[in-house]
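Asker: To start, I am sharing the structure in question, which I have written as structure tokens.
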Amino acid sequence: MAYENILFQVDQGIATITFNRPKALNALNQALLAELSKALDDIAADEGVRVLILTGSGDKAFVAGADITELATFTALQAKIFSRAGHAIIAKLQELPVAVIAAVNGFALGGGSEIALACDFIYAVENARFGLPEINLGLIPGFGGTQRLPRLVGANQAKELIFTGKMIGAAEAAQIGLVNKVVPSGALMEEALKTARDIAAKGRVALRAVKQAINHGLNTDLATGCAIETDAFALTLASADAKEGTAAFLEKRKAVFTGKLQG
Ligand code: CO8
């Protein structure tokens with residue numbers, strides 16, 4: 001598939017997807033979502049990828065939400081199909097077996113915030129703006145915002161943001177636990193890449209297992225979550241990566257992980 005609405009590259013185990021409709025502040029239309037879905041499939045199938053960074057082109061927006069021009073033409077049925085497709089793609093993003101960093105370079109509104117919420121964590125520039133402004137359009141969030149935001153920041157913070165549709169800056173987003181790190185605008189990609197390189201050097205088996213344990217554990221009770229962790233721990237202990245990691249420690253050298261379950 002030729003990409004027209006995103007830029008997609010993979011370099012040394014780190015994939016980058018850049019939302020690339022700057023004239024519409026990178027708003028999500030059906031074509032962009034289809035391209036995003038394909039790129040995520042490619043990443044999931046590529047054994048060499050450890051980390052994905054999502055960002056927006058230009059210096060104004062990460063993603064300013066669903067494309068309102070397109071949204072305004074939908075029938076209720078088309079809206080349901082669009083919302084379902086968005087949910088499926090965002091779930092795919094959340095379950096991707098690599099670490100996913102949202103590098104938010106400006107507005108992350110509506111569907112843009114909802115994509116960032118499905119990433120493993122968010123870095124943002126100082127002038128980034130977050131919000132779920134759908135209520136200002138007479139709508140509600142349709143790509144998981146009513147579910148993921150309260151799980152991340154608590155129901156009270158999420159309700160205030162969603163009921164008012166207001167935007168908050170990066171500092172406030174960090175204060176409520178939505179953003180991990182706030183950086184000056186010129187430093188965003190370098191900061192994200194620094195963390196990505198750090199994660200990419202870890203064992204792939206452990207990385208996949210721990211992401212799955214955290215994600216699945218969060219959707220269950222503590223005892224079930226601990227059982228999920230126990231199974232995942234046993235699986236990683238038997239892996240070639242764990243043999244290499246423990247041997248390297250005992251031999252006082254740096255581990256070289258192959259990402260293999262069996263040596
Ligand atoms: N869709 C389409 N075009 C957009 C969007 C958008 N979401 N956001 C901005 N644009 C366009 C503008 O129309 C404008 O185009 P043009 O130059 O042709 O007039 C261009 O981008 C630049 O935007 P502005 O001139 O408005 O720039 P400002 O700096 O003045 O304002 C804002 C920036 C504050 C970001 C403003 O553009 C804005 O409020 N945008 C809309 C934000 C919004 O409401 N997003 C939520 C959309 S709904 C949603 O995401 C629901 C997701 C789930 C859907 C499931 C449905 C079934």
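Letters A, B, ... mark the chains of the structure tokens in the order given; residue numbers begin at 1 per chain; ligand numbers begin at 1, in order shown.
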Could you list, as a VMD selection string, all the residues within 6 Å of ligand 1, counting only C-alpha atoms and all ligand atoms?
Answerer: chain A and resid 23 to 25 27 64 to 69 79 to 80 82 to 83 107 109 to 111 133 to 134 141 to 143
Asker: Tell me which protein, DNA and RNA residues are within 10 Å of Val179 (chain A), counting only C-alpha atoms, leaving out same-chain ones fewer than 4 positions away, and put them as a count of residues only.
Answerer: 16
Asker: I'd like to know which residues of region 78-233 of chain A are strand (DSSP E) (by DSSP, run on the backbone); could you write them as an MDAnalysis selection string?
Answerer: chainID A and resid 99:104 107:109 121:125 129:131 168:169 181:183
Asker: Dump as CSV the rows for residues of region 26-101 of chain A within 12 Å of region 250-258 of chain A: closest atom pair and distance in Å with one decimal, only C-alpha atoms counted, ordered by chain and rising residue number.
Answerer:
```
residue,atom,partner,partner_atom,distance
A:Glu47,CA,A:Thr258,CA,10.3
A:Gly48,CA,A:Thr258,CA,9.7
A:Arg50,CA,A:Thr258,CA,11.7
```
Asker: Restricted to C-alpha atoms, what would the selected residues look like written as a PDB file, in the first residue's frame?
Answerer:
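part15.pdb, written as the output of this step:
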```
ATOM      1  CA  GLU A  47      10.242  -9.475  14.246  1.00  0.00           C
ATOM      2  CA  GLY A  48      12.909  -6.765  14.191  1.00  0.00           C
ATOM      3  CA  ARG A  50      10.878  -3.246  19.250  1.00  0.00           C
TER       4      ARG A  50
END
```
Asker: May I ask which of the residues A:Gly131, A:Gly225, A:Gly13, A:Pro184 is the closest one to Leu149 (chain A), counting only C-alpha atoms?
Answerer: A:Gly131
Asker: Measuring atom to atom with only C-alpha atoms, identify which of A:Asn215, A:Thr236, A:Asn105, A:Thr246 is nearest to Gly186 (chain A).
Answerer: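 Result for the nearest residue to Gly186 (chain A): A:Asn105.
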Asker: Using only C-alpha atoms, determine which residues lie at most 8 Å from Ala39 (chain A), disregarding the query and same-chain residues fewer than 3 positions distant; provide the list as number ranges by chain.
Answerer: A: 8, 17, 35-36, 42-43
Asker: Using only N, CA and C atoms, please write the residues we just selected to a file, as an mmCIF file, in the first residue's frame.
Answerer:
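Below is the file that was written, out-v2.cif:
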```cif
data_model
loop_
_atom_site.group_PDB
_atom_site.id
_atom_site.type_symbol
_atom_site.label_atom_id
_atom_site.label_comp_id
_atom_site.auth_asym_id
_atom_site.auth_seq_id
_atom_site.Cartn_x
_atom_site.Cartn_y
_atom_site.Cartn_z
ATOM 1 N N PHE A 8 5.791 6.465 7.123
ATOM 2 C CA PHE A 8 6.090 5.251 7.884
ATOM 3 C C PHE A 8 7.516 4.835 7.593
ATOM 4 N N ILE A 17 5.654 6.317 12.885
ATOM 5 C CA ILE A 17 4.505 6.681 12.055
ATOM 6 C C ILE A 17 4.218 8.159 12.312
ATOM 7 N N GLU A 35 -4.597 3.398 6.358
ATOM 8 C CA GLU A 35 -3.132 3.345 6.251
ATOM 9 C C GLU A 35 -2.498 3.028 7.613
ATOM 10 N N LEU A 36 -3.056 3.625 8.652
ATOM 11 C CA LEU A 36 -2.535 3.340 9.996
ATOM 12 C C LEU A 36 -2.685 1.853 10.309
ATOM 13 N N ASP A 42 2.039 -4.317 9.544
ATOM 14 C CA ASP A 42 3.435 -4.519 9.119
ATOM 15 C C ASP A 42 4.364 -4.570 10.330
ATOM 16 N N ILE A 43 4.124 -3.697 11.293
ATOM 17 C CA ILE A 43 4.980 -3.659 12.487
ATOM 18 C C ILE A 43 4.813 -4.954 13.287
#
```
Asker: Pick the closest to Glu160 (chain A) from A:Ala72, A:Leu132, A:Leu139, A:Val98: which is it, counting only C-alpha atoms?
Answerer: A:Leu132
Asker: May I have the residues within 12 Å of Phe233 (chain A) as an mmCIF file with all heavy atoms, in the first residue's frame, using only C-alpha atoms and disregarding those fewer than 6 positions away in the same chain?
Answerer:
```
data_model
loop_
_atom_site.group_PDB
_atom_site.id
_atom_site.type_symbol
_atom_site.label_atom_id
_atom_site.label_comp_id
_atom_site.auth_asym_id
_atom_site.auth_seq_id
_atom_site.Cartn_x
_atom_site.Cartn_y
_atom_site.Cartn_z
ATOM 1 N N VAL A 205 11.478 -10.822 24.036
ATOM 2 C CA VAL A 205 10.536 -11.752 24.671
ATOM 3 C C VAL A 205 9.988 -11.128 25.961
ATOM 4 O O VAL A 205 8.775 -11.127 26.213
ATOM 5 C CB VAL A 205 11.232 -13.101 24.987
ATOM 6 C CG1 VAL A 205 10.279 -14.033 25.715
ATOM 7 C CG2 VAL A 205 11.750 -13.747 23.702
ATOM 8 N N ALA A 206 10.895 -10.564 26.755
ATOM 9 C CA ALA A 206 10.474 -9.947 28.024
ATOM 10 C C ALA A 206 9.593 -8.729 27.770
ATOM 11 O O ALA A 206 8.593 -8.511 28.467
ATOM 12 C CB ALA A 206 11.698 -9.563 28.846
ATOM 13 N N LEU A 207 9.967 -7.951 26.775
ATOM 14 C CA LEU A 207 9.201 -6.734 26.477
ATOM 15 C C LEU A 207 7.751 -7.063 26.097
ATOM 16 O O LEU A 207 6.801 -6.470 26.616
ATOM 17 C CB LEU A 207 9.906 -5.978 25.331
ATOM 18 C CG LEU A 207 9.347 -4.616 24.949
ATOM 19 C CD1 LEU A 207 9.383 -3.656 26.123
ATOM 20 C CD2 LEU A 207 10.132 -4.036 23.777
ATOM 21 N N ARG A 208 7.619 -8.048 25.194
ATOM 22 C CA ARG A 208 6.265 -8.460 24.788
ATOM 23 C C ARG A 208 5.479 -9.001 25.978
ATOM 24 O O ARG A 208 4.310 -8.668 26.177
ATOM 25 C CB ARG A 208 6.352 -9.600 23.769
ATOM 26 C CG ARG A 208 6.706 -9.133 22.410
ATOM 27 C CD ARG A 208 6.742 -10.301 21.447
ATOM 28 N NE ARG A 208 6.938 -9.778 20.116
ATOM 29 C CZ ARG A 208 6.463 -10.337 19.005
ATOM 30 N NH1 ARG A 208 5.791 -11.451 19.069
ATOM 31 N NH2 ARG A 208 6.660 -9.788 17.846
ATOM 32 N N ALA A 209 6.153 -9.855 26.773
ATOM 33 C CA ALA A 209 5.456 -10.519 27.885
ATOM 34 C C ALA A 209 5.015 -9.505 28.935
ATOM 35 O O ALA A 209 3.902 -9.585 29.462
ATOM 36 C CB ALA A 209 6.360 -11.578 28.505
ATOM 37 N N VAL A 210 5.881 -8.544 29.226
ATOM 38 C CA VAL A 210 5.541 -7.607 30.307
ATOM 39 C C VAL A 210 4.445 -6.639 29.849
ATOM 40 O O VAL A 210 3.566 -6.263 30.631
ATOM 41 C CB VAL A 210 6.807 -6.888 30.830
ATOM 42 C CG1 VAL A 210 7.239 -5.733 29.940
ATOM 43 C CG2 VAL A 210 6.571 -6.403 32.243
ATOM 44 N N LYS A 211 4.469 -6.264 28.564
ATOM 45 C CA LYS A 211 3.399 -5.373 28.071
ATOM 46 C C LYS A 211 2.052 -6.086 28.153
ATOM 47 O O LYS A 211 1.053 -5.511 28.595
ATOM 48 C CB LYS A 211 3.704 -4.936 26.635
ATOM 49 C CG LYS A 211 2.586 -4.123 26.022
ATOM 50 C CD LYS A 211 2.976 -3.392 24.777
ATOM 51 C CE LYS A 211 1.749 -2.740 24.152
ATOM 52 N NZ LYS A 211 2.059 -1.863 23.040
ATOM 53 N N GLN A 212 2.072 -7.350 27.725
ATOM 54 C CA GLN A 212 0.820 -8.116 27.755
ATOM 55 C C GLN A 212 0.326 -8.318 29.195
ATOM 56 O O GLN A 212 -0.867 -8.190 29.478
ATOM 57 C CB GLN A 212 1.074 -9.474 27.112
ATOM 58 C CG GLN A 212 -0.106 -9.974 26.333
ATOM 59 C CD GLN A 212 0.247 -11.260 25.608
ATOM 60 O OE1 GLN A 212 0.779 -12.191 26.214
ATOM 61 N NE2 GLN A 212 -0.059 -11.322 24.329
ATOM 62 N N ALA A 213 1.271 -8.589 30.109
ATOM 63 C CA ALA A 213 0.872 -8.810 31.508
ATOM 64 C C ALA A 213 0.252 -7.539 32.095
ATOM 65 O O ALA A 213 -0.772 -7.596 32.788
ATOM 66 C CB ALA A 213 2.085 -9.253 32.329
ATOM 67 N N CYS A 226 -2.020 -11.192 38.968
ATOM 68 C CA CYS A 226 -0.788 -11.824 39.466
ATOM 69 C C CYS A 226 -0.601 -13.208 38.834
ATOM 70 O O CYS A 226 0.541 -13.615 38.554
ATOM 71 C CB CYS A 226 -0.813 -11.915 40.995
ATOM 72 S SG CYS A 226 -0.608 -10.290 41.764
ATOM 73 N N ALA A 227 -1.708 -13.912 38.573
ATOM 74 C CA ALA A 227 -1.610 -15.217 37.895
ATOM 75 C C ALA A 227 -1.108 -15.026 36.458
ATOM 76 O O ALA A 227 -0.281 -15.813 35.963
ATOM 77 C CB ALA A 227 -2.963 -15.924 37.906
ATOM 78 N N SER A 239 13.181 -18.531 28.239
ATOM 79 C CA SER A 239 13.566 -18.025 26.905
ATOM 80 C C SER A 239 15.081 -17.922 26.750
ATOM 81 O O SER A 239 15.828 -17.831 27.729
ATOM 82 C CB SER A 239 12.946 -16.639 26.675
ATOM 83 O OG SER A 239 13.595 -15.682 27.485
ATOM 84 N N ALA A 242 16.387 -14.763 28.338
ATOM 85 C CA ALA A 242 16.649 -14.806 29.780
ATOM 86 C C ALA A 242 17.962 -15.547 30.058
ATOM 87 O O ALA A 242 18.721 -15.155 30.956
ATOM 88 C CB ALA A 242 15.490 -15.481 30.511
#
```
Asker: Do a neighbour search on Arg151 (chain A) at 12 Å with only C-alpha atoms, toss out local chain neighbours closer than 4 positions, and write the hits as a tab-separated table (two decimals) with N, CA and C atoms, in the first residue's frame.
Answerer:
```tsv
chain	number	residue	atom	x	y	z
A	117	LEU	N	-3.92	7.94	24.04
A	117	LEU	CA	-4.29	7.17	25.23
A	117	LEU	C	-4.04	5.67	25.06
A	118	ALA	N	-4.05	5.20	23.82
A	118	ALA	CA	-3.83	3.77	23.58
A	118	ALA	C	-2.35	3.43	23.46
A	144	GLY	N	-12.91	5.45	22.09
A	144	GLY	CA	-12.44	4.86	23.35
A	144	GLY	C	-12.13	5.84	24.47
A	145	GLY	N	-12.32	7.15	24.22
A	145	GLY	CA	-11.95	8.15	25.23
A	145	GLY	C	-12.74	8.03	26.53
A	146	THR	N	-14.02	7.63	26.43
A	146	THR	CA	-14.82	7.52	27.65
A	146	THR	C	-14.34	6.35	28.51
A	147	GLN	N	-13.58	5.45	27.93
A	147	GLN	CA	-13.13	4.27	28.66
A	147	GLN	C	-11.65	4.36	29.08
A	155	ALA	N	-11.84	8.75	37.22
A	155	ALA	CA	-13.14	9.16	36.67
A	155	ALA	C	-13.38	10.66	36.84
A	156	ASN	N	-12.94	11.24	37.98
A	156	ASN	CA	-13.26	12.65	38.22
A	156	ASN	C	-12.55	13.58	37.25
A	157	GLN	N	-11.25	13.32	37.02
A	157	GLN	CA	-10.49	14.15	36.07
A	157	GLN	C	-11.06	13.97	34.66
A	158	ALA	N	-11.37	12.71	34.30
A	158	ALA	CA	-11.88	12.42	32.95
A	158	ALA	C	-13.23	13.09	32.73
A	159	LYS	N	-14.09	13.02	33.75
A	159	LYS	CA	-15.43	13.61	33.59
A	159	LYS	C	-15.33	15.12	33.40
A	177	GLY	N	-1.33	12.89	35.22
A	177	GLY	CA	-0.85	11.54	34.91
A	177	GLY	C	-1.12	11.09	33.48
A	178	LEU	N	-1.52	12.05	32.64
A	178	LEU	CA	-1.78	11.71	31.23
A	178	LEU	C	-0.47	11.68	30.44
A	215	ASN	N	-1.13	-4.91	30.39
A	215	ASN	CA	-2.40	-4.59	29.72
A	215	ASN	C	-3.52	-5.52	30.15
A	218	LEU	N	-4.51	-5.12	33.91
A	218	LEU	CA	-5.31	-3.93	34.24
A	218	LEU	C	-6.80	-4.15	34.03
A	219	ASN	N	-7.13	-5.12	33.18
A	219	ASN	CA	-8.55	-5.39	32.90
A	219	ASN	C	-9.13	-6.46	33.80
```
